[in-house]
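As provided, protein.cif (mmCIF, C-alpha atoms) reads as follows.
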data_upload
#
loop_
_atom_site.label_atom_id
_atom_site.label_comp_id
_atom_site.auth_asym_id
_atom_site.auth_seq_id
_atom_site.Cartn_x
_atom_site.Cartn_y
_atom_site.Cartn_z
CA MET F 235 -161.91 17.45 -134.72
CA SER F 236 -160.56 14.50 -132.76
CA GLU F 237 -157.42 16.44 -131.91
CA ALA F 238 -159.54 19.25 -130.50
CA LEU F 239 -161.52 16.79 -128.37
CA VAL F 240 -158.34 15.21 -127.03
CA ALA F 241 -156.92 18.63 -126.23
CA THR F 242 -160.00 19.58 -124.24
CA GLU F 243 -159.90 16.33 -122.26
CA ILE F 244 -156.31 16.79 -121.06
CA PRO F 245 -156.43 17.83 -117.39
CA GLU F 246 -154.67 20.91 -116.21
CA ALA F 247 -152.07 18.86 -114.36
CA ALA F 248 -150.90 17.31 -117.64
CA ALA F 249 -150.54 20.57 -119.55
CA PRO F 250 -146.94 20.90 -120.77
CA GLY F 251 -144.78 23.87 -119.95
CA VAL F 252 -146.40 24.64 -116.62
CA SER F 253 -144.44 23.85 -113.47
CA GLY F 254 -146.02 22.02 -110.56
CA ALA F 255 -145.45 24.97 -108.22
CA ARG F 256 -147.21 27.31 -110.66
CA GLN F 257 -150.18 24.94 -110.95
CA PHE F 258 -150.38 24.64 -107.18
CA TRP F 259 -150.31 28.42 -106.72
CA ARG F 260 -152.96 28.89 -109.42
CA ARG F 261 -155.33 26.39 -107.78
CA LEU F 262 -154.70 27.86 -104.34
CA ARG F 263 -155.40 31.41 -105.52
CA ALA F 264 -158.72 30.25 -106.96
CA GLN F 265 -159.91 29.45 -103.41
CA ARG F 266 -160.87 32.68 -101.68
CA ALA F 267 -161.31 31.10 -98.26
CA ALA F 268 -157.84 29.54 -98.40
CA MET F 269 -156.26 32.84 -99.45
CA ALA F 270 -158.01 34.69 -96.63
CA ALA F 271 -156.81 32.03 -94.19
CA ALA F 272 -153.27 32.32 -95.58
CA ALA F 273 -153.37 36.09 -95.00
CA VAL F 274 -154.47 35.53 -91.38
CA VAL F 275 -151.73 32.95 -90.81
CA ALA F 276 -149.12 35.25 -92.35
CA LEU F 277 -150.27 38.06 -90.07
CA LEU F 278 -150.05 35.81 -86.99
CA VAL F 279 -146.55 34.65 -87.94
CA LEU F 280 -145.50 38.27 -88.51
CA VAL F 281 -146.86 39.27 -85.10
CA ALA F 282 -145.03 36.36 -83.45
CA LEU F 283 -141.74 37.23 -85.14
CA ALA F 284 -142.12 40.94 -84.38
CA ALA F 285 -143.13 40.42 -80.73
CA PRO F 286 -140.03 42.16 -79.30
CA LEU F 287 -140.55 45.12 -81.64
CA LEU F 288 -144.27 45.39 -80.82
CA THR F 289 -143.74 45.23 -77.07
CA ALA F 290 -140.92 47.78 -77.31
CA LEU F 291 -143.29 50.04 -79.24
CA GLU F 292 -145.81 49.66 -76.43
CA GLY F 293 -143.09 50.12 -73.82
CA GLN F 294 -143.87 46.91 -71.91
CA ASP F 295 -142.57 43.36 -71.52
CA PRO F 296 -144.34 40.07 -70.70
CA THR F 297 -142.74 39.41 -67.29
CA THR F 298 -142.76 42.70 -65.35
CA TYR F 299 -145.29 42.94 -62.51
CA HIS F 300 -147.33 46.10 -62.00
CA PRO F 301 -148.92 45.80 -58.54
CA SER F 302 -150.09 49.41 -58.62
CA LEU F 303 -152.49 48.56 -61.49
CA ILE F 304 -154.52 45.96 -59.58
CA ASP F 305 -157.05 46.38 -56.80
CA SER F 306 -155.91 44.15 -53.96
CA ALA F 307 -159.07 44.91 -52.00
CA ARG F 308 -161.14 43.18 -54.71
CA GLY F 309 -158.86 40.16 -54.97
CA GLY F 310 -156.47 41.46 -57.62
CA VAL F 311 -158.89 42.75 -60.27
CA PRO F 312 -157.27 45.28 -62.66
CA ILE F 313 -158.07 48.92 -61.97
CA GLY F 314 -160.00 50.72 -64.69
CA SER F 315 -162.33 49.73 -67.48
CA PHE F 316 -161.59 46.85 -69.86
CA GLY F 317 -158.97 45.39 -67.55
CA GLY F 318 -156.97 48.59 -67.32
CA ALA F 319 -156.61 49.05 -71.08
CA GLY F 320 -155.11 52.37 -72.14
CA GLY F 321 -152.20 54.03 -73.84
CA ASP F 322 -149.60 52.29 -71.64
CA HIS F 323 -151.28 48.88 -71.70
CA TRP F 324 -153.12 48.38 -74.99
CA LEU F 325 -155.13 45.32 -73.90
CA GLY F 326 -154.99 45.83 -70.15
CA VAL F 327 -153.14 43.84 -67.52
CA GLU F 328 -153.47 40.41 -65.92
CA PRO F 329 -155.38 40.03 -62.67
CA GLN F 330 -153.28 39.53 -59.52
CA THR F 331 -149.93 40.13 -61.29
CA GLY F 332 -150.51 43.26 -63.37
CA ARG F 333 -148.37 41.92 -66.23
CA ASP F 334 -149.12 43.45 -69.61
CA LEU F 335 -151.67 41.36 -71.46
CA PHE F 336 -150.70 42.44 -74.98
CA ALA F 337 -147.06 41.54 -74.42
CA ARG F 338 -147.95 38.11 -73.07
CA LEU F 339 -150.37 37.53 -75.93
CA VAL F 340 -147.85 38.26 -78.71
CA TYR F 341 -145.07 36.34 -76.96
CA GLY F 342 -147.54 33.50 -76.42
CA ALA F 343 -148.04 33.40 -80.19
CA ARG F 344 -144.32 32.69 -80.58
CA VAL F 345 -144.51 29.78 -78.17
CA SER F 346 -147.73 28.25 -79.49
CA LEU F 347 -146.80 28.53 -83.18
CA GLY F 348 -143.19 27.50 -82.54
CA VAL F 349 -144.19 24.39 -80.60
CA ALA F 350 -146.76 23.41 -83.24
CA LEU F 351 -144.36 23.85 -86.16
CA GLY F 352 -141.52 22.08 -84.35
CA ALA F 353 -143.74 19.13 -83.43
CA THR F 354 -145.01 18.92 -87.02
CA ALA F 355 -141.43 18.85 -88.34
CA VAL F 356 -140.54 15.98 -85.99
CA GLN F 357 -143.69 14.08 -86.97
CA VAL F 358 -143.01 14.47 -90.69
CA LEU F 359 -139.36 13.44 -90.36
CA LEU F 360 -140.05 10.33 -88.29
CA GLY F 361 -143.14 9.31 -90.24
CA VAL F 362 -141.53 9.61 -93.67
CA VAL F 363 -138.33 7.80 -92.63
CA VAL F 364 -140.16 4.92 -90.96
CA GLY F 365 -142.83 4.66 -93.67
CA VAL F 366 -140.35 4.62 -96.57
CA ALA F 367 -138.06 2.18 -94.75
CA ALA F 368 -140.99 -0.18 -94.10
CA ALA F 369 -142.14 -0.06 -97.72
CA LEU F 370 -138.66 -0.63 -99.17
CA GLY F 371 -137.44 -3.18 -96.64
CA ASN F 372 -137.91 -6.94 -96.69
CA ARG F 373 -140.89 -8.70 -95.16
CA TRP F 374 -139.44 -8.82 -91.65
CA VAL F 375 -138.44 -5.16 -91.64
CA ASP F 376 -141.88 -4.19 -92.95
CA GLN F 377 -143.64 -6.26 -90.29
CA LEU F 378 -141.49 -4.85 -87.47
CA LEU F 379 -141.83 -1.19 -88.48
CA SER F 380 -145.54 -1.60 -89.26
CA ARG F 381 -146.22 -3.03 -85.79
CA ILE F 382 -144.26 -0.19 -84.17
CA THR F 383 -146.32 2.28 -86.18
CA ASP F 384 -149.54 0.56 -85.08
CA ILE F 385 -148.47 0.88 -81.44
CA ILE F 386 -147.73 4.59 -81.90
CA VAL F 387 -151.11 5.16 -83.55
CA ALA F 388 -152.96 3.30 -80.78
CA MET F 389 -151.05 5.09 -78.02
CA PRO F 390 -153.13 7.74 -76.18
CA LEU F 391 -151.33 10.97 -76.96
CA MET F 392 -152.43 13.07 -74.00
CA ILE F 393 -151.71 10.36 -71.42
CA MET F 394 -148.23 9.65 -72.80
CA ALA F 395 -147.43 13.35 -73.06
CA LEU F 396 -148.58 13.94 -69.48
CA ALA F 397 -146.46 11.03 -68.23
CA LEU F 398 -143.32 12.10 -70.12
CA LEU F 399 -143.63 15.77 -69.21
CA ALA F 400 -144.03 14.87 -65.53
CA ILE F 401 -140.73 12.96 -65.29
CA VAL F 402 -138.46 15.29 -67.27
CA PRO F 403 -136.32 17.68 -65.17
CA GLU F 404 -137.64 21.20 -64.78
CA ASN F 405 -134.46 22.84 -66.12
CA PHE F 406 -135.02 21.44 -69.62
CA PRO F 407 -136.45 24.11 -71.97
CA ARG F 408 -140.17 23.49 -71.80
CA PRO F 409 -141.27 24.63 -75.30
CA ILE F 410 -138.63 22.41 -76.93
CA LEU F 411 -139.62 19.52 -74.68
CA VAL F 412 -143.32 19.86 -75.53
CA ALA F 413 -142.56 19.98 -79.27
CA LEU F 414 -140.33 16.88 -79.07
CA ILE F 415 -142.83 14.87 -77.04
CA ILE F 416 -145.75 15.70 -79.33
CA GLY F 417 -143.60 14.84 -82.36
CA PHE F 418 -142.32 11.53 -80.97
CA VAL F 419 -145.74 10.37 -79.77
CA ALA F 420 -147.90 11.38 -82.77
CA TRP F 421 -146.00 10.45 -85.95
CA GLY F 422 -147.80 7.13 -86.55
CA THR F 423 -150.50 8.34 -88.94
CA ILE F 424 -148.10 10.09 -91.30
CA GLY F 425 -145.90 6.99 -91.17
CA LYS F 426 -148.81 4.90 -92.43
CA ILE F 427 -149.49 7.43 -95.19
CA ALA F 428 -145.84 7.42 -96.29
CA ARG F 429 -145.70 3.60 -96.33
CA ALA F 430 -148.90 3.22 -98.36
CA GLN F 431 -147.85 5.88 -100.88
CA THR F 432 -144.37 4.36 -101.23
CA LEU F 433 -145.82 0.91 -101.88
CA THR F 434 -147.89 2.43 -104.69
CA LEU F 435 -145.05 4.46 -106.19
CA LYS F 436 -142.47 1.70 -106.27
CA GLU F 437 -144.63 -0.34 -108.66
CA LEU F 438 -144.65 2.41 -111.30
CA ASP F 439 -142.66 2.16 -114.53
CA TYR F 440 -140.18 4.94 -113.89
CA VAL F 441 -139.18 3.41 -110.54
CA ALA F 442 -138.73 0.01 -112.22
CA ALA F 443 -136.59 1.67 -114.91
CA ALA F 444 -134.40 3.26 -112.23
CA ARG F 445 -134.02 -0.11 -110.53
CA LEU F 446 -133.03 -1.79 -113.81
CA SER F 447 -130.45 0.92 -114.49
CA GLY F 448 -128.58 -0.15 -111.37
CA TRP F 449 -129.63 2.50 -108.86
CA GLY F 450 -129.52 1.56 -105.19
CA THR F 451 -132.56 1.44 -102.95
CA TRP F 452 -131.90 4.67 -101.09
CA ARG F 453 -130.95 6.53 -104.25
CA ILE F 454 -134.29 5.51 -105.76
CA ALA F 455 -136.03 6.62 -102.58
CA ARG F 456 -134.28 9.99 -102.62
CA ARG F 457 -134.55 10.73 -106.35
CA GLU F 458 -137.80 9.01 -107.38
CA LEU F 459 -140.01 8.27 -104.37
CA LEU F 460 -139.63 11.32 -102.12
CA PRO F 461 -140.89 13.77 -104.79
CA GLY F 462 -144.00 11.62 -105.15
CA LEU F 463 -144.53 11.72 -101.38
CA ALA F 464 -144.44 15.51 -101.26
CA ALA F 465 -148.13 16.14 -102.02
CA PRO F 466 -149.73 13.79 -99.44
CA VAL F 467 -147.13 14.62 -96.78
CA ILE F 468 -147.50 18.39 -97.20
CA THR F 469 -151.28 18.03 -97.19
CA TYR F 470 -151.34 16.09 -93.94
CA ALA F 471 -148.68 18.29 -92.34
CA ALA F 472 -150.78 21.38 -93.06
CA LEU F 473 -153.64 19.80 -91.14
CA MET F 474 -151.37 18.66 -88.28
CA VAL F 475 -150.26 22.18 -87.33
CA PRO F 476 -153.63 23.32 -85.89
CA ALA F 477 -154.02 19.99 -84.11
CA ASN F 478 -150.60 20.45 -82.48
CA ILE F 479 -151.52 23.98 -81.39
CA SER F 480 -154.59 22.55 -79.65
CA ILE F 481 -152.50 19.82 -77.99
CA GLU F 482 -149.96 22.35 -76.69
CA ALA F 483 -152.77 24.53 -75.36
CA ALA F 484 -154.37 21.54 -73.64
CA LEU F 485 -151.08 20.47 -72.03
CA SER F 486 -150.38 23.99 -70.82
CA PHE F 487 -153.96 24.26 -69.56
CA LEU F 488 -153.41 21.07 -67.53
CA GLY F 489 -150.27 22.55 -66.01
CA VAL F 490 -147.69 20.21 -67.57
CA GLY F 491 -146.87 22.20 -70.69
CA VAL F 492 -145.08 25.52 -70.88
CA LYS F 493 -144.29 26.81 -67.39
CA PRO F 494 -144.46 30.40 -66.15
CA PRO F 495 -143.09 32.99 -66.63
CA THR F 496 -142.88 31.89 -70.29
CA PRO F 497 -146.21 32.98 -71.82
CA SER F 498 -148.41 30.56 -73.74
CA TRP F 499 -152.02 30.81 -74.85
CA GLY F 500 -152.94 27.55 -73.12
CA GLN F 501 -151.20 28.65 -69.94
CA MET F 502 -153.07 31.97 -70.04
CA LEU F 503 -156.36 30.08 -70.38
CA SER F 504 -155.41 27.92 -67.40
CA SER F 505 -154.78 31.00 -65.26
CA ALA F 506 -157.89 32.82 -66.51
CA ASN F 507 -160.49 30.14 -65.87
CA VAL F 508 -161.41 31.69 -62.50
CA TRP F 509 -161.52 35.28 -63.80
CA TYR F 510 -164.13 35.00 -66.53
CA GLN F 511 -166.58 37.17 -64.54
CA ALA F 512 -164.30 39.71 -62.89
CA ALA F 513 -161.94 40.16 -65.88
CA PRO F 514 -163.50 38.53 -68.96
CA GLN F 515 -160.91 39.94 -71.40
CA TYR F 516 -158.23 37.85 -69.66
CA LEU F 517 -160.07 34.72 -70.81
CA LEU F 518 -161.53 35.93 -74.09
CA LEU F 519 -158.33 37.27 -75.68
CA PRO F 520 -156.23 34.05 -75.61
CA ALA F 521 -159.32 31.97 -76.41
CA ALA F 522 -160.07 34.16 -79.45
CA ALA F 523 -156.42 33.98 -80.55
CA LEU F 524 -156.48 30.19 -80.34
CA PHE F 525 -159.80 29.97 -82.18
CA VAL F 526 -158.73 32.25 -85.04
CA THR F 527 -155.34 30.51 -85.41
CA VAL F 528 -156.74 26.99 -85.45
CA LEU F 529 -159.57 27.96 -87.81
CA ALA F 530 -157.23 29.75 -90.24
CA LEU F 531 -154.73 26.89 -90.28
CA THR F 532 -157.49 24.33 -90.79
CA VAL F 533 -159.00 26.24 -93.73
CA LEU F 534 -155.53 26.76 -95.22
CA GLY F 535 -154.71 23.07 -94.82
CA ASP F 536 -157.90 22.09 -96.60
CA GLY F 537 -157.08 24.54 -99.38
CA VAL F 538 -153.60 23.07 -99.74
CA ARG F 539 -155.09 19.59 -99.95
CA THR F 540 -157.43 20.67 -102.74
CA ALA F 541 -154.67 22.51 -104.61
CA LEU F 542 -152.33 19.52 -104.44
CA ASP F 543 -155.02 17.06 -105.59
CA PRO F 544 -156.05 17.79 -109.20
CA ARG F 545 -158.84 15.22 -108.97
CA ALA F 546 -160.56 17.28 -106.26
CA ALA F 547 -160.54 20.34 -108.52
CA SER F 548 -161.86 18.35 -111.49
CA ARG F 549 -164.63 16.83 -109.38
CA LEU F 550 -165.57 20.32 -108.24
CA ARG F 551 -165.73 21.59 -111.83
CA ILE F 552 -167.83 18.60 -112.96
CA GLY F 553 -170.25 19.00 -110.05
CA THR F 554 -170.60 22.74 -110.66
CA GLY F 555 -171.27 22.18 -114.38
CA ARG F 556 -173.97 19.63 -113.66
CA ARG F 557 -175.68 21.94 -111.20
CA GLN F 558 -175.63 24.78 -113.72
CA GLU F 559 -177.13 22.54 -116.41
CA ALA F 560 -179.86 21.41 -114.01
CA LYS F 561 -180.71 25.00 -113.13
CA ALA F 562 -180.80 25.95 -116.81
CA GLY F 563 -183.18 23.06 -117.53
CA GLU F 564 -185.48 24.06 -114.70
CA SER F 565 -185.56 27.71 -115.79
CA THR F 566 -186.81 26.87 -119.33
CA ALA F 567 -190.43 26.02 -118.50
CA GLY F 568 -191.97 23.73 -121.11
CA GLY F 569 -188.88 23.91 -123.36
CA PRO F 570 -186.58 21.05 -124.26
CA LYS F 571 -183.88 20.10 -121.77
CA ALA F 572 -180.25 20.86 -122.41
CA GLY F 573 -179.35 17.22 -123.08
CA GLU F 574 -182.27 16.72 -125.48
CA SER F 575 -181.43 19.86 -127.46
CA GLN F 576 -177.81 18.73 -127.80
CA VAL F 577 -178.93 15.29 -129.00
CA GLY F 578 -181.32 16.90 -131.51
CA LYS F 579 -178.59 19.12 -132.88
CA ALA F 580 -176.23 16.16 -133.17
CA ASP F 581 -178.86 14.13 -135.08
CA GLU F 582 -179.56 17.02 -137.46
CA SER F 583 -175.87 17.48 -138.21
CA LYS F 584 -175.49 13.74 -138.80
CA VAL F 585 -178.42 13.68 -141.26
CA SER F 586 -177.01 16.69 -143.14
CA LYS F 587 -173.61 15.05 -143.45
CA GLU F 588 -175.12 11.84 -144.80
CA ALA F 589 -177.17 13.83 -147.32
CA THR F 590 -174.12 15.68 -148.63
CA SER F 591 -172.12 12.44 -148.92
#

Give the structure from this file in structure tokens form.
Amino acid sequence: MSEALVATEIPEAAAPGVSGARQFWRRLRAQRAAMAAAAVVALLVLVALAAPLLTALEGQDPTTYHPSLIDSARGGVPIGSFGGAGGDHWLGVEPQTGRDLFARLVYGARVSLGVALGATAVQVLLGVVVGVAAALGNRWVDQLLSRITDIIVAMPLMIMALALLAIVPENFPRPILVALIIGFVAWGTIGKIARAQTLTLKELDYVAAARLSGWGTWRIARRELLPGLAAPVITYAALMVPANISIEAALSFLGVGVKPPTPSWGQMLSSANVWYQAAPQYLLLPAAALFVTVLALTVLGDGVRTALDPRAASRLRIGTGRRQEAKAGESTAGGPKAGESQVGKADESKVSKEATS
């Protein structure tokens, strides 16, 4: 009996024979919203990667002007309904330029997603290196790196990015520059997370055993500490990607991000803010793409956080069980509550056992 009780109390994370990746995938699949968001993100990534193929299928490109498709007498409004949408231009054309809107939208997905993922990679790399070095260094190294991290966290991201983007030469590739600046200016929070987690991990028994066996500091960090940092770092990185997409869109909207003719969703919004009445699809399409992408990545990041944290899943199960018991107690009008019936059954079984003994 006691062995059965112990077996039922073992959490899923401690079950032997099941790999961590399999547990993570099982928890993630149990969340329908996260799986739907993952499908949307996968579709967006596929569209971004297949942008040349899709535009070739349409027969257009994102930079060619089509002046014959705009009405110069009305200030450059596209000719035809829905912004000139048709078989040759699936989503219509841009006002004033006549460039194909579908081609610029799918190529803009490449830029926006690429900048966000590149910036996230830089943030994770810098934050983990600085956080682990601060936690494993002596008191002076920890104080120095911690103060640098505090300065980075307190630094206004948009102001610093605007200042740095304004002084860099124009011939430098703009998407790479935006990704690097966002990454170098916004790694402070993940650095704090890595330092706090490393300070907790290095006090555990298996790390002490590795230290007593003669392992060096960086070997311990690589073999023992970095695997323990994977869950919180991946969780926070999943939530940083949509934030970086919004930052890139804001910088491009302000005119200091990605420069024309390279398409970007934020740049398209910046050009479309005066056309929302004459050509509303020019504003609504990139805005809808940004909204769907950020929402899907945010929901997926929250699902990853829940799947990587077994305590969140156990808290959810406990809360759901309590709500079900409360509903069952309310539905039995005038009858005994679930807790009282269980206590009564336990007392009866105890009395019967004493009688037989």

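If you look at atom CA of F:Gln294 and atom CA of F:Tyr341, they are 11.8 Å away from each other.
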
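Matched in the shown structure by the PyMOL selection byres ((chain F and resi 475) around 9): F:Leu347, F:Ala350, F:Leu351, F:Ala353, F:Thr354, F:Ala471, F:Ala472, F:Leu473, F:Met474, F:Pro476, F:Ala477, F:Asn478, F:Ile479, F:Ser480, F:Val528, F:Leu531, F:Thr532, F:Gly535.
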
Let me have the centre and edge lengths in Å, one decimal, of the box along x, y and z around every listed atom of stretch 291-295 of chain F with 4 Å of margin on each side, as lines of an AutoDock Vina configuration file.
center_x = -144.2
center_y = 46.7
center_z = -75.4
size_x = 11.2
size_y = 14.8
size_z = 15.7

(request) List the neighbours of F:Asp295 out to 7 Å using only C-alpha atoms; skip same-chain residues closer than 5 positions along the sequence, and give me the result as number ranges by chain. (result) F: 289, 334, 337

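For the residues F:Ala282, F:Leu433, F:Arg338, F:Leu378, ranking by smallest atom-to-atom distance to F:Leu503 using only C-alpha atoms places F:Arg338 first.
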
(request) Taking (-149.3, 24.6, -75.1) in the file's own coordinates, collect the residues within 8 Å, counting all atoms listed in the file, and hand them back as a list of chain:residue names. (result) F:Val345, F:Ser346, F:Val349, F:Val412, F:Ile479, F:Ser480, F:Ile481, F:Glu482, F:Ala483, F:Ala484, F:Leu485, F:Ser486, F:Phe487, F:Gly491, F:Val492, F:Ser498, F:Trp499, F:Gly500, F:Gln501

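Relative to atom CA of F:Leu459, atom CA of F:Ala264 is found at 29.0 Å.
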
Kindly resolve the PyMOL selection byres ((chain F and resi 270) around 12) on the present coordinates and return the residues as a compact mmCIF listing (two decimals) with C-alpha atoms, keeping the file's coordinate frame.
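result.txt, freshly written:
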# COMPACT_ATOMS: atom_id res chain seq x y z
CA LEU F 262 -154.70 27.86 -104.34
CA ARG F 263 -155.40 31.41 -105.52
CA ALA F 264 -158.72 30.25 -106.96
CA GLN F 265 -159.91 29.45 -103.41
CA ARG F 266 -160.87 32.68 -101.68
CA ALA F 267 -161.31 31.10 -98.26
CA ALA F 268 -157.84 29.54 -98.40
CA MET F 269 -156.26 32.84 -99.45
CA ALA F 271 -156.81 32.03 -94.19
CA ALA F 272 -153.27 32.32 -95.58
CA ALA F 273 -153.37 36.09 -95.00
CA VAL F 274 -154.47 35.53 -91.38
CA VAL F 275 -151.73 32.95 -90.81
CA ALA F 276 -149.12 35.25 -92.35
CA LEU F 277 -150.27 38.06 -90.07
CA VAL F 526 -158.73 32.25 -85.04
CA LEU F 529 -159.57 27.96 -87.81
CA ALA F 530 -157.23 29.75 -90.24
CA LEU F 531 -154.73 26.89 -90.28
CA THR F 532 -157.49 24.33 -90.79
CA VAL F 533 -159.00 26.24 -93.73
CA LEU F 534 -155.53 26.76 -95.22
CA GLY F 537 -157.08 24.54 -99.38

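The closest residue to F:Met392, picked from F:Leu488, F:Trp449, F:Ala285, F:Ile410 and counting all atoms listed in the file, is F:Leu488.
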
What are the closest atom pairs, with distances in Å to one decimal, for each residue of stretch 316-379 of chain F lying within 8 Å of stretch 507-519 of chain F, using all atoms listed in the file, rows by chain and rising residue number, as CSV?
residue,atom,partner,partner_atom,distance
F:Phe316,CA,F:Gln515,CA,7.1
F:Gly317,CA,F:Ala513,CA,6.2
F:Glu328,CA,F:Tyr516,CA,6.6
F:Pro329,CA,F:Ala513,CA,7.3
F:Leu335,CA,F:Tyr516,CA,7.7
F:Leu339,CA,F:Leu519,CA,8.0

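One finds atom CA of F:Leu360 at 21.0 Å from atom CA of F:Leu396.
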
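Among the candidates F:Val279, F:Ala428, F:Ile454, F:Val419, the one nearest to F:Ala343 when counting all atoms listed in the file is F:Val279.
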
(message) Let me make sure I understand: among F:Phe336, F:Val281, F:Pro520, F:Val490, which one has the smallest atom-to-atom distance to F:Leu398 if we use all atoms listed in the file?
(response) F:Val490

(request) Between F:Val311, F:Leu325, F:Val362, F:Val402, single out the one closest to F:Glu292, counting only C-alpha atoms. (result) F:Leu325

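Nearest residue to F:Pro296 among F:Asn405, F:Ser315, F:Thr451, F:Thr331 is F:Thr331, counting only C-alpha atoms.
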